[in-house]
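One structure is given below, encoded as structure tokens.
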Amino acid sequence: MSRPSGHVHDIEHHTVDRATTRPVVSGTQGVVAAGHPLVAMAGMRMLLGGGNAFDAAVAAGFAAAVVEPTASYTLMGECVALVHDAQRGRTLALSGQGTAPELATIGLFSGRGLDRIPTGPGPDAHLSFTVPGAVDAYLTLLETLGTQTLPEVLEPAVDYARRGFPMYEYMHRMLDMPATRTQFAIYPPGGDAVFYPGGRVPPVGALFVQPALAGTLGRLVEAGTGAPARAAGIAAARRRFYTGDIAATIGTFSERLGGLLRASDLAGYRATLEPPVGITFAGREILAQSAWTQGPVLLQALGMLAGFDLRALGHNSARYIHVVTEALKLAFADRERYYGDSPAVPLAELLAAGYLRERAALIRLERATPAAPPPGDPSGRGVTTGVPPVVRAADPAPADGTTHIAAIDRDGNMICLTPSGGVFRKSAFMPELGCTLSTRSEMFVLEAGHANALAPGRRPRTTLVSYLIVEDGVPTTTIGCPGGDDQAQADLQLVLNLLVFGMNPQQAVEAPRFSTQTLVNSFYPRIYHPGQLNVEAGIPQATRAALSALGHTVSESGACGVGAIVTRRDRATGVLSSGADPRRPTYAIAW
């Protein structure tokens with residue numbers, strides 16, 4: 001959508017501060033980036049041992065479940081990924097998003113007088129358990145694209161759990177939050193014995209061990225050891241987790257609490273590899289997971305922004321932030337109405353250039369939309385649909401962590417993986433297995449016929465996303481940033497930082513970010529903050545004042561997405577590089 005030149009000539013131009021607190025990490029043989037240095041090292045150990053990027057991601061994924069439990073991630077959680085298999089020249093989306101239990105129905109919740117699926121903080125966490133999906137996703141990835149054995153990729157995670165790792169400041173701070181211990185007390189004994197030995201959080205630098213989690217991981221190692229072939233070992237571990245004693249323990253635990261998850265739900269679960277979806281922007285193709293995630297939000301926003309001269313607006317100028325925010329509001333309105341794990345999602349129509357031009361025409365350069373706009377009509381039939389009922393709340397929902405992992409090897413294989421699930425302050429801790437269960441079912445809506453309506457065996461529309469940038473048909477760049485509803489927003493800014501403003505990976509992840517809260521929050525109780533625009537401390541006061549004058553309710557946030565990672569492969573030289581977010585102990589290692 002073209003704009004008259006007058007709309008850009010009177011805009012103050014801003015220059016980008018290119019200084020960073022960390023260097024770009026570069027190499028030629030492999031690069032791994034993750035939410036903690038030990039997690040990145042777990043992946044790098046696979047590359048140094050002759051494995052590929054997929055082996056590295058699996059090892060890092062298991063290790064993250066040990067080292068990053070306060071980043072809203074558990075072994076019993078879920079994950080999504082984009083993978084590029086350079087040998088076969090194919091790119092796929094990996095779904096390790098767990099599904100709703102067989103007992104979970106709209107009728108069950110409406111019969112209890114509930115119009116939303118509750119979870120913690122509080123005594124209702126057991127009602128939102130989902131099937132653990134991450135383990136099968138890792139096993140599927142290893143089985144399909146990896147080269148190493150299951151005991152080899154599990155070795156770092158088992159070592160971190162059994163021998164321990166030094167307590168670090170971010171984890172210490174999260175454990176010191178009162179809500180964590182409160183939730184443990186609701187489902188006793190919780191994780192007190194593990195995370196509060198002697199009644200207190202272990203000090204930073206103290207060795208932190210998790211014997212029960214080490215035992216759970218050890219069962220997978222046992223299952224995969226001594227198998228006649230690599231694939232047989234992976235299959236044996238899958239059986240033990242999804243149909244054996246681990247599944248039985250999970251089912252018994254849930255049933256004892258009054259939860260809906262059963263061992264039989266695990267037996268029927270398998271992760272999937274499926275085609276990604278994409279859109280063209282700035283001469284590149286941007287790939288994402290489909291509408292069972294919020295991935296297309298970024299794609300829709302890019303399509304709306306394609307007609308604006310964003311570079312002329314100036315990076316993080318008030319007008320730039322305004323235009324990007326208004327595009328996101330429109331995309332989130334469509335997300336809430338149309339996205340879900342359903343073949344009925346009109347995704348091709350939602351991503352059509354003509355439809356996105358129509359949506360972009362609704363953006364007013366001189367004024368912010370004060371409330372969530374209505375969803376669009378991609379069918380073109382004049383259908384009017386409203387925004388579902390929402391809860392208005394005075395305070396924003398607490399931002400939970402999640403984490404992100406990316407790896408590229410010398411052959412050009414690449415993966416960007418976002419694992420999550422099992423937030424301490426929201427879930428229930430299983431002492432027998434040493435971890436929490438995911439409560440992702442809270443993201444379903446209890447509206448019959450909706451694409452994201454609760455149904456047994458269906459995936460909740462997850463906030464987890466990751467992206468690939470493709471140049472001349474070859475993926476070159478991975479994008480990922482944890483942060484709930486801020487994820488797609490932060491990732492959009494990373495893409496624009498790279499493609500519009502020419503930043504390197506470290507500049508892209510360190511640049512100050514912003515996020516609109518004019519959306520229906522994906523997490524229970526699905527609150528709504530019309531007009532609220534969160535900005536990080538790095539956005540200047542003058543810019544905030546200009547945004548307020550445009551009608552935004554500006555609020556400073558500690559981080560609008562935390563733990564961002566960008567990795568890149570130069571097609572001409574083969575040089576691999578990465579940027580890692582200093583907002584958290586995110587770290588990149590190159591070889």
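The chains in the structure tokens are called A, B, ... from first to last as shown; in each chain the residues are counted from 1, and the ligands are counted from 1 in the order shown.
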Determine, counting only C-alpha atoms, which protein, DNA and RNA residues have an atom within 9 Å of an atom of region 76-82 of chain A; residues of the same chain fewer than 6 positions away are not included. Present the result as a PDB file with N, CA and C atoms, in the first residue's frame.
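Saved the output as part-v1.pdb:
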```pdb
ATOM      1  N   ALA A  65      15.759 -28.148  29.962  1.00  0.00           N
ATOM      2  CA  ALA A  65      14.771 -28.611  30.941  1.00  0.00           C
ATOM      3  C   ALA A  65      15.389 -28.783  32.322  1.00  0.00           C
ATOM      4  N   THR A  91      12.408 -27.583   4.193  1.00  0.00           N
ATOM      5  CA  THR A  91      12.195 -26.846   5.433  1.00  0.00           C
ATOM      6  C   THR A  91      10.856 -27.264   6.007  1.00  0.00           C
ATOM      7  N   LEU A  92      10.842 -27.560   7.295  1.00  0.00           N
ATOM      8  CA  LEU A  92       9.646 -28.093   7.945  1.00  0.00           C
ATOM      9  C   LEU A  92       9.395 -27.388   9.277  1.00  0.00           C
ATOM     10  N   ALA A  93       8.135 -27.393   9.676  1.00  0.00           N
ATOM     11  CA  ALA A  93       7.764 -26.940  11.017  1.00  0.00           C
ATOM     12  C   ALA A  93       7.594 -28.166  11.901  1.00  0.00           C
ATOM     13  N   LEU A  94       8.182 -28.124  13.076  1.00  0.00           N
ATOM     14  CA  LEU A  94       8.063 -29.216  14.043  1.00  0.00           C
ATOM     15  C   LEU A  94       7.075 -28.801  15.122  1.00  0.00           C
ATOM     16  N   SER A  95       6.045 -29.608  15.313  1.00  0.00           N
ATOM     17  CA  SER A  95       5.085 -29.361  16.382  1.00  0.00           C
ATOM     18  C   SER A  95       5.295 -30.357  17.506  1.00  0.00           C
ATOM     19  N   GLY A  96       5.786 -29.832  18.625  1.00  0.00           N
ATOM     20  CA  GLY A  96       5.832 -30.600  19.860  1.00  0.00           C
ATOM     21  C   GLY A  96       4.874 -29.998  20.868  1.00  0.00           C
ATOM     22  N   GLN A  97       3.810 -29.397  20.347  1.00  0.00           N
ATOM     23  CA  GLN A  97       2.785 -28.842  21.224  1.00  0.00           C
ATOM     24  C   GLN A  97       1.866 -29.962  21.683  1.00  0.00           C
ATOM     25  N   GLY A  98       1.781 -30.161  22.987  1.00  0.00           N
ATOM     26  CA  GLY A  98       0.911 -31.194  23.526  1.00  0.00           C
ATOM     27  C   GLY A  98      -0.553 -30.877  23.299  1.00  0.00           C
ATOM     28  N   THR A 130      -1.830 -30.323  29.808  1.00  0.00           N
ATOM     29  CA  THR A 130      -1.794 -30.855  28.444  1.00  0.00           C
ATOM     30  C   THR A 130      -0.817 -32.025  28.374  1.00  0.00           C
ATOM     31  N   VAL A 131      -0.939 -32.813  27.349  1.00  0.00           N
ATOM     32  CA  VAL A 131      -0.022 -33.929  27.117  1.00  0.00           C
ATOM     33  C   VAL A 131       1.391 -33.374  26.917  1.00  0.00           C
ATOM     34  N   PRO A 132       2.405 -33.924  27.569  1.00  0.00           N
ATOM     35  CA  PRO A 132       3.784 -33.480  27.319  1.00  0.00           C
ATOM     36  C   PRO A 132       4.179 -33.753  25.864  1.00  0.00           C
ATOM     37  N   GLY A 133       4.587 -32.712  25.162  1.00  0.00           N
ATOM     38  CA  GLY A 133       4.907 -32.872  23.749  1.00  0.00           C
ATOM     39  C   GLY A 133       6.371 -32.754  23.405  1.00  0.00           C
ATOM     40  N   ALA A 134       7.158 -32.068  24.253  1.00  0.00           N
ATOM     41  CA  ALA A 134       8.545 -31.773  23.884  1.00  0.00           C
ATOM     42  C   ALA A 134       9.387 -33.033  23.728  1.00  0.00           C
ATOM     43  N   VAL A 135       9.217 -33.998  24.612  1.00  0.00           N
ATOM     44  CA  VAL A 135      10.061 -35.202  24.555  1.00  0.00           C
ATOM     45  C   VAL A 135       9.879 -35.918  23.220  1.00  0.00           C
ATOM     46  N   ALA A 137       8.852 -34.615  20.475  1.00  0.00           N
ATOM     47  CA  ALA A 137       9.395 -33.754  19.427  1.00  0.00           C
ATOM     48  C   ALA A 137      10.903 -33.943  19.300  1.00  0.00           C
ATOM     49  N   TYR A 138      11.595 -34.003  20.442  1.00  0.00           N
ATOM     50  CA  TYR A 138      13.043 -34.218  20.399  1.00  0.00           C
ATOM     51  C   TYR A 138      13.374 -35.591  19.832  1.00  0.00           C
ATOM     52  N   PRO A 276       5.748 -25.361   6.639  1.00  0.00           N
ATOM     53  CA  PRO A 276       5.596 -24.028   7.231  1.00  0.00           C
ATOM     54  C   PRO A 276       4.718 -23.149   6.341  1.00  0.00           C
ATOM     55  N   LEU A 287       9.371 -17.442   6.946  1.00  0.00           N
ATOM     56  CA  LEU A 287       8.636 -18.669   7.227  1.00  0.00           C
ATOM     57  C   LEU A 287       8.272 -18.754   8.706  1.00  0.00           C
ATOM     58  N   ALA A 288       7.104 -19.371   8.971  1.00  0.00           N
ATOM     59  CA  ALA A 288       6.618 -19.521  10.341  1.00  0.00           C
ATOM     60  C   ALA A 288       5.832 -20.808  10.461  1.00  0.00           C
ATOM     61  N   GLN A 289       5.490 -21.170  11.698  1.00  0.00           N
ATOM     62  CA  GLN A 289       4.536 -22.245  11.925  1.00  0.00           C
ATOM     63  C   GLN A 289       3.139 -21.727  11.559  1.00  0.00           C
ATOM     64  N   THR A 293      -0.320 -21.925  15.980  1.00  0.00           N
ATOM     65  CA  THR A 293       0.479 -21.012  16.794  1.00  0.00           C
ATOM     66  C   THR A 293       0.028 -19.590  16.467  1.00  0.00           C
ATOM     67  N   MET A 414      19.899 -26.025   9.780  1.00  0.00           N
ATOM     68  CA  MET A 414      19.600 -25.039  10.817  1.00  0.00           C
ATOM     69  C   MET A 414      18.266 -25.327  11.471  1.00  0.00           C
ATOM     70  N   ILE A 415      18.167 -24.886  12.706  1.00  0.00           N
ATOM     71  CA  ILE A 415      16.942 -25.071  13.492  1.00  0.00           C
ATOM     72  C   ILE A 415      16.789 -23.926  14.469  1.00  0.00           C
ATOM     73  N   CYS A 416      15.570 -23.455  14.635  1.00  0.00           N
ATOM     74  CA  CYS A 416      15.233 -22.511  15.704  1.00  0.00           C
ATOM     75  C   CYS A 416      14.079 -23.119  16.487  1.00  0.00           C
ATOM     76  N   LEU A 417      14.303 -23.317  17.765  1.00  0.00           N
ATOM     77  CA  LEU A 417      13.451 -24.129  18.636  1.00  0.00           C
ATOM     78  C   LEU A 417      13.015 -23.311  19.846  1.00  0.00           C
ATOM     79  N   THR A 418      11.710 -23.282  20.112  1.00  0.00           N
ATOM     80  CA  THR A 418      11.186 -22.564  21.268  1.00  0.00           C
ATOM     81  C   THR A 418      10.452 -23.541  22.172  1.00  0.00           C
ATOM     82  N   PRO A 419      11.064 -23.950  23.290  1.00  0.00           N
ATOM     83  CA  PRO A 419      10.410 -24.847  24.249  1.00  0.00           C
ATOM     84  C   PRO A 419       9.825 -24.057  25.424  1.00  0.00           C
ATOM     85  N   SER A 420       8.769 -24.597  26.031  1.00  0.00           N
ATOM     86  CA  SER A 420       8.134 -23.920  27.155  1.00  0.00           C
ATOM     87  C   SER A 420       7.245 -24.900  27.906  1.00  0.00           C
ATOM     88  N   GLY A 421       6.538 -24.363  28.920  1.00  0.00           N
ATOM     89  CA  GLY A 421       5.532 -25.149  29.631  1.00  0.00           C
ATOM     90  C   GLY A 421       5.937 -25.489  31.051  1.00  0.00           C
ATOM     91  N   GLY A 422       4.963 -25.465  31.952  1.00  0.00           N
ATOM     92  CA  GLY A 422       5.217 -25.880  33.320  1.00  0.00           C
ATOM     93  C   GLY A 422       5.710 -24.783  34.223  1.00  0.00           C
ATOM     94  N   CYS A 435       9.697 -32.514  38.127  1.00  0.00           N
ATOM     95  CA  CYS A 435       9.331 -31.405  37.255  1.00  0.00           C
ATOM     96  C   CYS A 435       7.828 -31.152  37.312  1.00  0.00           C
ATOM     97  N   THR A 436       7.398 -30.070  36.690  1.00  0.00           N
ATOM     98  CA  THR A 436       5.989 -29.716  36.624  1.00  0.00           C
ATOM     99  C   THR A 436       5.369 -30.200  35.317  1.00  0.00           C
ATOM    100  N   LEU A 437       4.042 -30.158  35.259  1.00  0.00           N
ATOM    101  CA  LEU A 437       3.321 -30.424  34.021  1.00  0.00           C
ATOM    102  C   LEU A 437       2.926 -29.102  33.370  1.00  0.00           C
ATOM    103  N   SER A 438       2.795 -29.120  32.054  1.00  0.00           N
ATOM    104  CA  SER A 438       2.377 -27.921  31.342  1.00  0.00           C
ATOM    105  C   SER A 438       0.882 -27.668  31.543  1.00  0.00           C
ATOM    106  N   THR A 439       0.521 -26.390  31.589  1.00  0.00           N
ATOM    107  CA  THR A 439      -0.881 -25.993  31.730  1.00  0.00           C
ATOM    108  C   THR A 439      -1.365 -25.238  30.488  1.00  0.00           C
ATOM    109  N   ARG A 440      -0.856 -25.596  29.335  1.00  0.00           N
ATOM    110  CA  ARG A 440      -1.130 -24.864  28.099  1.00  0.00           C
ATOM    111  C   ARG A 440      -2.594 -24.929  27.667  1.00  0.00           C
ATOM    112  N   LEU A 464       3.950 -20.042  21.306  1.00  0.00           N
ATOM    113  CA  LEU A 464       5.321 -20.401  20.922  1.00  0.00           C
ATOM    114  C   LEU A 464       5.508 -20.297  19.407  1.00  0.00           C
ATOM    115  N   VAL A 465       6.571 -19.619  18.995  1.00  0.00           N
ATOM    116  CA  VAL A 465       6.838 -19.407  17.574  1.00  0.00           C
ATOM    117  C   VAL A 465       8.343 -19.337  17.340  1.00  0.00           C
ATOM    118  N   SER A 466       8.735 -19.483  16.100  1.00  0.00           N
ATOM    119  CA  SER A 466      10.090 -19.180  15.645  1.00  0.00           C
ATOM    120  C   SER A 466      10.008 -18.928  14.152  1.00  0.00           C
ATOM    121  N   TYR A 467      11.037 -18.310  13.590  1.00  0.00           N
ATOM    122  CA  TYR A 467      10.960 -17.878  12.190  1.00  0.00           C
ATOM    123  C   TYR A 467      12.281 -18.122  11.467  1.00  0.00           C
ATOM    124  N   LEU A 468      12.187 -18.323  10.156  1.00  0.00           N
ATOM    125  CA  LEU A 468      13.354 -18.404   9.277  1.00  0.00           C
ATOM    126  C   LEU A 468      13.229 -17.348   8.192  1.00  0.00           C
ATOM    127  N   THR A 478      17.845 -17.453  11.420  1.00  0.00           N
ATOM    128  CA  THR A 478      16.820 -17.883  12.370  1.00  0.00           C
ATOM    129  C   THR A 478      16.470 -16.717  13.288  1.00  0.00           C
TER     130      THR A 478
END
```
All alpha helix (DSSP H) positions in region 35-215 of chain A, as a PyMOL selection string: chain A and resi 37-48+53-67+106-111+134-145+150-163+169-175+178-186+192-195+211-215
Selection near region 253-266 of chain A, 7 Å with only C-alpha atoms, sequence-local residues under 4 positions removed, as a ChimeraX atom specification: /A:101-104,126-127,129-131,242-243,247-249
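Residues lying within 9 Å of region 173-188 of chain A, counting only C-alpha atoms and ignoring same-chain neighbours fewer than 6 positions away, are Thr70, Ala71, Gly120, Pro121, Gly122, Pro123, Phe195, Tyr196, Arg200, Val201, Leu257, Val423, Phe424, Arg425, Lys426, Ser427, Ala428 and Phe429 of chain A.
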Surrounding residues of Gly579 (chain A) excluding itself and chain neighbours under 3 positions, 10 Å, only C-alpha atoms, as a CSV table (one decimal) with all heavy atoms, in the first residue's frame:
```
chain,number,residue,atom,x,y,z
A,22,ARG,N,27.7,-6.7,23.7
A,22,ARG,CA,28.4,-8.0,23.4
A,22,ARG,C,28.8,-8.0,21.9
A,22,ARG,O,28.1,-7.3,21.1
A,22,ARG,CB,27.5,-9.2,23.7
A,22,ARG,CG,27.1,-9.4,25.1
A,22,ARG,CD,26.2,-10.6,25.1
A,22,ARG,NE,25.6,-10.9,26.4
A,22,ARG,CZ,24.8,-11.9,26.7
A,22,ARG,NH1,24.5,-12.8,25.7
A,22,ARG,NH2,24.3,-12.1,27.9
A,23,PRO,N,29.8,-8.7,21.6
A,23,PRO,CA,30.1,-8.9,20.1
A,23,PRO,C,29.3,-9.9,19.4
A,23,PRO,O,28.6,-10.7,20.1
A,23,PRO,CB,31.6,-9.4,20.2
A,23,PRO,CG,31.6,-10.2,21.4
A,23,PRO,CD,30.8,-9.5,22.4
A,24,VAL,N,29.2,-9.8,18.1
A,24,VAL,CA,28.6,-10.9,17.3
A,24,VAL,C,29.6,-12.1,17.5
A,24,VAL,O,30.8,-11.9,17.4
A,24,VAL,CB,28.5,-10.5,15.8
A,24,VAL,CG1,28.1,-11.7,15.0
A,24,VAL,CG2,27.6,-9.3,15.7
A,25,VAL,N,29.0,-13.3,17.7
A,25,VAL,CA,29.8,-14.5,17.9
A,25,VAL,C,29.8,-15.2,16.5
A,25,VAL,O,28.8,-15.4,15.9
A,25,VAL,CB,29.2,-15.4,18.9
A,25,VAL,CG1,29.9,-16.8,19.0
A,25,VAL,CG2,29.3,-14.7,20.3
A,26,SER,N,31.0,-15.5,16.0
A,26,SER,CA,31.1,-16.0,14.6
A,26,SER,C,32.0,-17.2,14.6
A,26,SER,O,32.9,-17.4,15.4
A,26,SER,CB,31.6,-15.0,13.7
A,26,SER,OG,30.8,-13.8,13.6
A,33,ALA,N,23.1,-21.2,20.0
A,33,ALA,CA,22.7,-20.1,20.9
A,33,ALA,C,21.6,-20.6,21.7
A,33,ALA,O,20.7,-21.3,21.2
A,33,ALA,CB,22.4,-18.9,20.2
A,504,ASN,N,23.3,-6.0,12.4
A,504,ASN,CA,23.8,-7.3,12.6
A,504,ASN,C,23.1,-8.1,13.6
A,504,ASN,O,22.2,-7.5,14.3
A,504,ASN,CB,25.4,-7.3,12.8
A,504,ASN,CG,25.7,-6.7,14.2
A,504,ASN,OD1,25.1,-6.9,15.2
A,504,ASN,ND2,26.7,-5.8,14.2
A,505,PRO,N,23.3,-9.4,13.8
A,505,PRO,CA,22.5,-10.2,14.8
A,505,PRO,C,22.5,-9.6,16.2
A,505,PRO,O,21.5,-9.6,16.9
A,505,PRO,CB,23.1,-11.6,14.7
A,505,PRO,CG,23.6,-11.7,13.3
A,505,PRO,CD,24.1,-10.3,13.0
A,506,GLN,N,23.7,-9.1,16.7
A,506,GLN,CA,23.7,-8.6,18.1
A,506,GLN,C,23.0,-7.3,18.2
A,506,GLN,O,22.3,-7.1,19.2
A,506,GLN,CB,25.2,-8.5,18.5
A,506,GLN,CG,25.3,-8.3,20.0
A,506,GLN,CD,24.8,-9.4,20.9
A,506,GLN,OE1,24.9,-10.6,20.5
A,506,GLN,NE2,24.2,-9.1,22.0
A,507,GLN,N,23.2,-6.4,17.2
A,507,GLN,CA,22.5,-5.2,17.2
A,507,GLN,C,21.0,-5.4,17.2
A,507,GLN,O,20.2,-4.7,17.9
A,507,GLN,CB,22.9,-4.3,16.0
A,507,GLN,CG,24.3,-3.8,16.1
A,507,GLN,CD,24.7,-3.2,14.8
A,507,GLN,OE1,24.1,-3.5,13.7
A,507,GLN,NE2,25.7,-2.3,14.8
A,508,ALA,N,20.5,-6.4,16.4
A,508,ALA,CA,19.1,-6.7,16.3
A,508,ALA,C,18.5,-7.1,17.6
A,508,ALA,O,17.4,-6.7,18.0
A,508,ALA,CB,18.9,-7.7,15.2
A,509,VAL,N,19.2,-7.9,18.4
A,509,VAL,CA,18.6,-8.4,19.6
A,509,VAL,C,18.7,-7.4,20.8
A,509,VAL,O,17.9,-7.4,21.7
A,509,VAL,CB,19.2,-9.8,20.1
A,509,VAL,CG1,19.0,-10.8,19.0
A,509,VAL,CG2,20.7,-9.7,20.4
A,510,GLU,N,19.7,-6.5,20.7
A,510,GLU,CA,19.9,-5.6,21.8
A,510,GLU,C,19.1,-4.3,21.6
A,510,GLU,O,18.8,-3.6,22.6
A,510,GLU,CB,21.4,-5.2,21.9
A,510,GLU,CG,22.3,-6.3,22.5
A,510,GLU,CD,23.6,-5.8,23.0
A,510,GLU,OE1,23.6,-4.6,23.4
A,510,GLU,OE2,24.5,-6.6,23.1
A,564,ALA,N,16.1,-13.0,23.3
A,564,ALA,CA,16.1,-13.1,21.9
A,564,ALA,C,17.4,-13.7,21.3
A,564,ALA,O,18.4,-13.5,21.9
A,564,ALA,CB,15.8,-11.7,21.3
A,565,ILE,N,17.2,-14.4,20.2
A,565,ILE,CA,18.4,-15.0,19.5
A,565,ILE,C,18.2,-14.8,18.0
A,565,ILE,O,17.1,-15.1,17.5
A,565,ILE,CB,18.5,-16.5,19.9
A,565,ILE,CG1,19.0,-16.7,21.3
A,565,ILE,CG2,19.4,-17.2,18.9
A,565,ILE,CD1,18.9,-18.1,21.8
A,566,VAL,N,19.3,-14.4,17.4
A,566,VAL,CA,19.4,-14.4,15.9
A,566,VAL,C,20.6,-15.2,15.5
A,566,VAL,O,21.7,-14.9,16.0
A,566,VAL,CB,19.4,-13.0,15.3
A,566,VAL,CG1,19.7,-13.0,13.8
A,566,VAL,CG2,18.1,-12.2,15.6
A,567,THR,N,20.5,-16.1,14.6
A,567,THR,CA,21.6,-16.8,14.0
A,567,THR,C,21.6,-16.7,12.5
A,567,THR,O,20.5,-16.6,11.9
A,567,THR,CB,21.8,-18.3,14.4
A,567,THR,OG1,20.6,-19.0,13.9
A,567,THR,CG2,21.8,-18.5,15.9
A,568,ARG,N,22.7,-16.6,11.9
A,568,ARG,CA,22.8,-16.4,10.4
A,568,ARG,C,23.9,-17.2,9.8
A,568,ARG,O,25.0,-17.4,10.4
A,568,ARG,CB,23.0,-14.9,10.2
A,568,ARG,CG,23.1,-14.5,8.7
A,568,ARG,CD,23.4,-13.0,8.6
A,568,ARG,NE,22.3,-12.2,8.9
A,568,ARG,CZ,22.3,-10.8,9.0
A,568,ARG,NH1,23.5,-10.2,9.0
A,568,ARG,NH2,21.2,-10.1,9.2
A,582,PRO,N,21.2,-9.9,26.0
A,582,PRO,CA,21.8,-9.7,27.3
A,582,PRO,C,20.7,-9.4,28.4
A,582,PRO,O,21.0,-9.3,29.6
A,582,PRO,CB,22.6,-8.4,27.2
A,582,PRO,CG,22.0,-7.7,26.0
A,582,PRO,CD,21.5,-8.7,25.1
A,586,THR,N,21.3,-15.4,28.1
A,586,THR,CA,21.3,-16.0,26.8
A,586,THR,C,22.7,-15.9,26.2
A,586,THR,O,23.4,-14.9,26.4
A,586,THR,CB,20.3,-15.2,25.8
A,586,THR,OG1,19.1,-15.0,26.5
A,586,THR,CG2,20.1,-16.0,24.6
A,587,TYR,N,23.1,-17.0,25.6
A,587,TYR,CA,24.5,-17.1,25.2
A,587,TYR,C,24.7,-17.8,23.9
A,587,TYR,O,24.0,-18.8,23.6
A,587,TYR,CB,25.3,-17.9,26.3
A,587,TYR,CG,26.7,-17.3,26.6
A,587,TYR,CD1,26.8,-16.2,27.3
A,587,TYR,CD2,27.8,-17.9,26.0
A,587,TYR,CE1,28.1,-15.6,27.6
A,587,TYR,CE2,29.1,-17.4,26.3
A,587,TYR,CZ,29.2,-16.3,27.1
A,587,TYR,OH,30.5,-15.7,27.4
A,588,ALA,N,25.7,-17.3,23.1
A,588,ALA,CA,26.0,-18.0,21.8
A,588,ALA,C,27.4,-18.5,21.8
A,588,ALA,O,28.3,-17.8,22.4
A,588,ALA,CB,25.8,-17.0,20.6
A,589,ILE,N,27.6,-19.6,21.2
A,589,ILE,CA,28.9,-20.3,21.1
A,589,ILE,C,29.2,-20.6,19.6
A,589,ILE,O,28.3,-21.2,19.0
A,589,ILE,CB,29.1,-21.5,22.0
A,589,ILE,CG1,28.8,-21.2,23.4
A,589,ILE,CG2,30.5,-22.1,21.8
A,589,ILE,CD1,28.8,-22.4,24.3
```
Residue nearest Val323 (chain A) - candidates A:Leu142, A:Ala212, A:Leu347, A:Ile363, atoms counted: only C-alpha atoms: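 Checking each of A:Leu142, A:Ala212, A:Leu347, A:Ile363 against Val323 (chain A), counting only C-alpha atoms, the winner is A:Ile363.
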Using only C-alpha atoms, which of the listed residues (A:Ser379, A:Thr476, A:Ser110, A:Thr119) sits closest to Asp411 (chain A)? A:Thr476
When distances are computed from only C-alpha atoms, which of A:Leu533, A:Thr99, A:Ala545, A:Pro525 shows the smallest separation from Ala271 (chain A)?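 The closest residue to Ala271 (chain A) is A:Thr99.
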Counting only C-alpha atoms, closest pick from A:Leu299, A:Leu499, A:Leu547, A:Leu139 relative to Arg335 (chain A) is A:Leu299
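If only C-alpha atoms are the atoms counted, then among A:Ala344, A:Val324, A:Val554, A:Leu47 the closest residue to Ala542 (chain A) is A:Val554.
Among A:Ala490, A:Val500, A:Leu217, A:Val445, the residue with the shortest atom-to-atom distance to Gly295 (chain A), counting only C-alpha atoms, is A:Ala490.
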Record the distance separating CA of Gly111 (chain A) and CA of Arg337 (chain A), expressed in Å with one decimal.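 Going from CA of Gly111 (chain A) over to CA of Arg337 (chain A), I get 24.3 Å.
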Taking the chain letters and numbering used in this document, name the residues of region 47-92 of chain A that DSSP puts in strand (DSSP E or B), as a list in words. Met76, Glu78, Cys79, Val80, Ala81, Leu82, Val83, His84, Asp85, Arg90, Thr91 and Leu92 of chain A
Print the selection's residues with N, CA and C atoms to a file, as an mmCIF file, in the first residue's frame.
```
data_model
loop_
_atom_site.group_PDB
_atom_site.id
_atom_site.type_symbol
_atom_site.label_atom_id
_atom_site.label_comp_id
_atom_site.auth_asym_id
_atom_site.auth_seq_id
_atom_site.Cartn_x
_atom_site.Cartn_y
_atom_site.Cartn_z
ATOM 1 N N MET A 76 8.301 -31.875 30.871
ATOM 2 C CA MET A 76 6.933 -32.262 30.528
ATOM 3 C C MET A 76 6.214 -31.179 29.728
ATOM 4 N N GLU A 78 6.239 -28.342 26.182
ATOM 5 C CA GLU A 78 6.005 -28.423 24.746
ATOM 6 C C GLU A 78 7.081 -27.625 24.015
ATOM 7 N N CYS A 79 7.110 -27.732 22.709
ATOM 8 C CA CYS A 79 8.044 -26.938 21.923
ATOM 9 C C CYS A 79 7.542 -26.823 20.490
ATOM 10 N N VAL A 80 8.010 -25.799 19.804
ATOM 11 C CA VAL A 80 7.801 -25.671 18.359
ATOM 12 C C VAL A 80 9.150 -25.337 17.742
ATOM 13 N N ALA A 81 9.305 -25.643 16.471
ATOM 14 C CA ALA A 81 10.581 -25.363 15.804
ATOM 15 C C ALA A 81 10.362 -25.222 14.312
ATOM 16 N N LEU A 82 11.316 -24.562 13.672
ATOM 17 C CA LEU A 82 11.474 -24.615 12.227
ATOM 18 C C LEU A 82 12.818 -25.253 11.944
ATOM 19 N N VAL A 83 12.851 -26.191 11.021
ATOM 20 C CA VAL A 83 14.087 -26.906 10.708
ATOM 21 C C VAL A 83 14.341 -26.853 9.213
ATOM 22 N N HIS A 84 15.600 -26.612 8.857
ATOM 23 C CA HIS A 84 15.996 -26.690 7.452
ATOM 24 C C HIS A 84 16.998 -27.807 7.283
ATOM 25 N N ASP A 85 16.604 -28.803 6.508
ATOM 26 C CA ASP A 85 17.438 -29.960 6.196
ATOM 27 C C ASP A 85 18.167 -29.654 4.898
ATOM 28 N N ARG A 90 14.897 -29.235 2.209
ATOM 29 C CA ARG A 90 13.516 -29.073 2.667
ATOM 30 C C ARG A 90 13.488 -28.335 4.001
ATOM 31 N N THR A 91 12.408 -27.583 4.193
ATOM 32 C CA THR A 91 12.195 -26.846 5.433
ATOM 33 C C THR A 91 10.856 -27.264 6.007
ATOM 34 N N LEU A 92 10.842 -27.560 7.295
ATOM 35 C CA LEU A 92 9.646 -28.093 7.945
ATOM 36 C C LEU A 92 9.395 -27.388 9.277
#
```
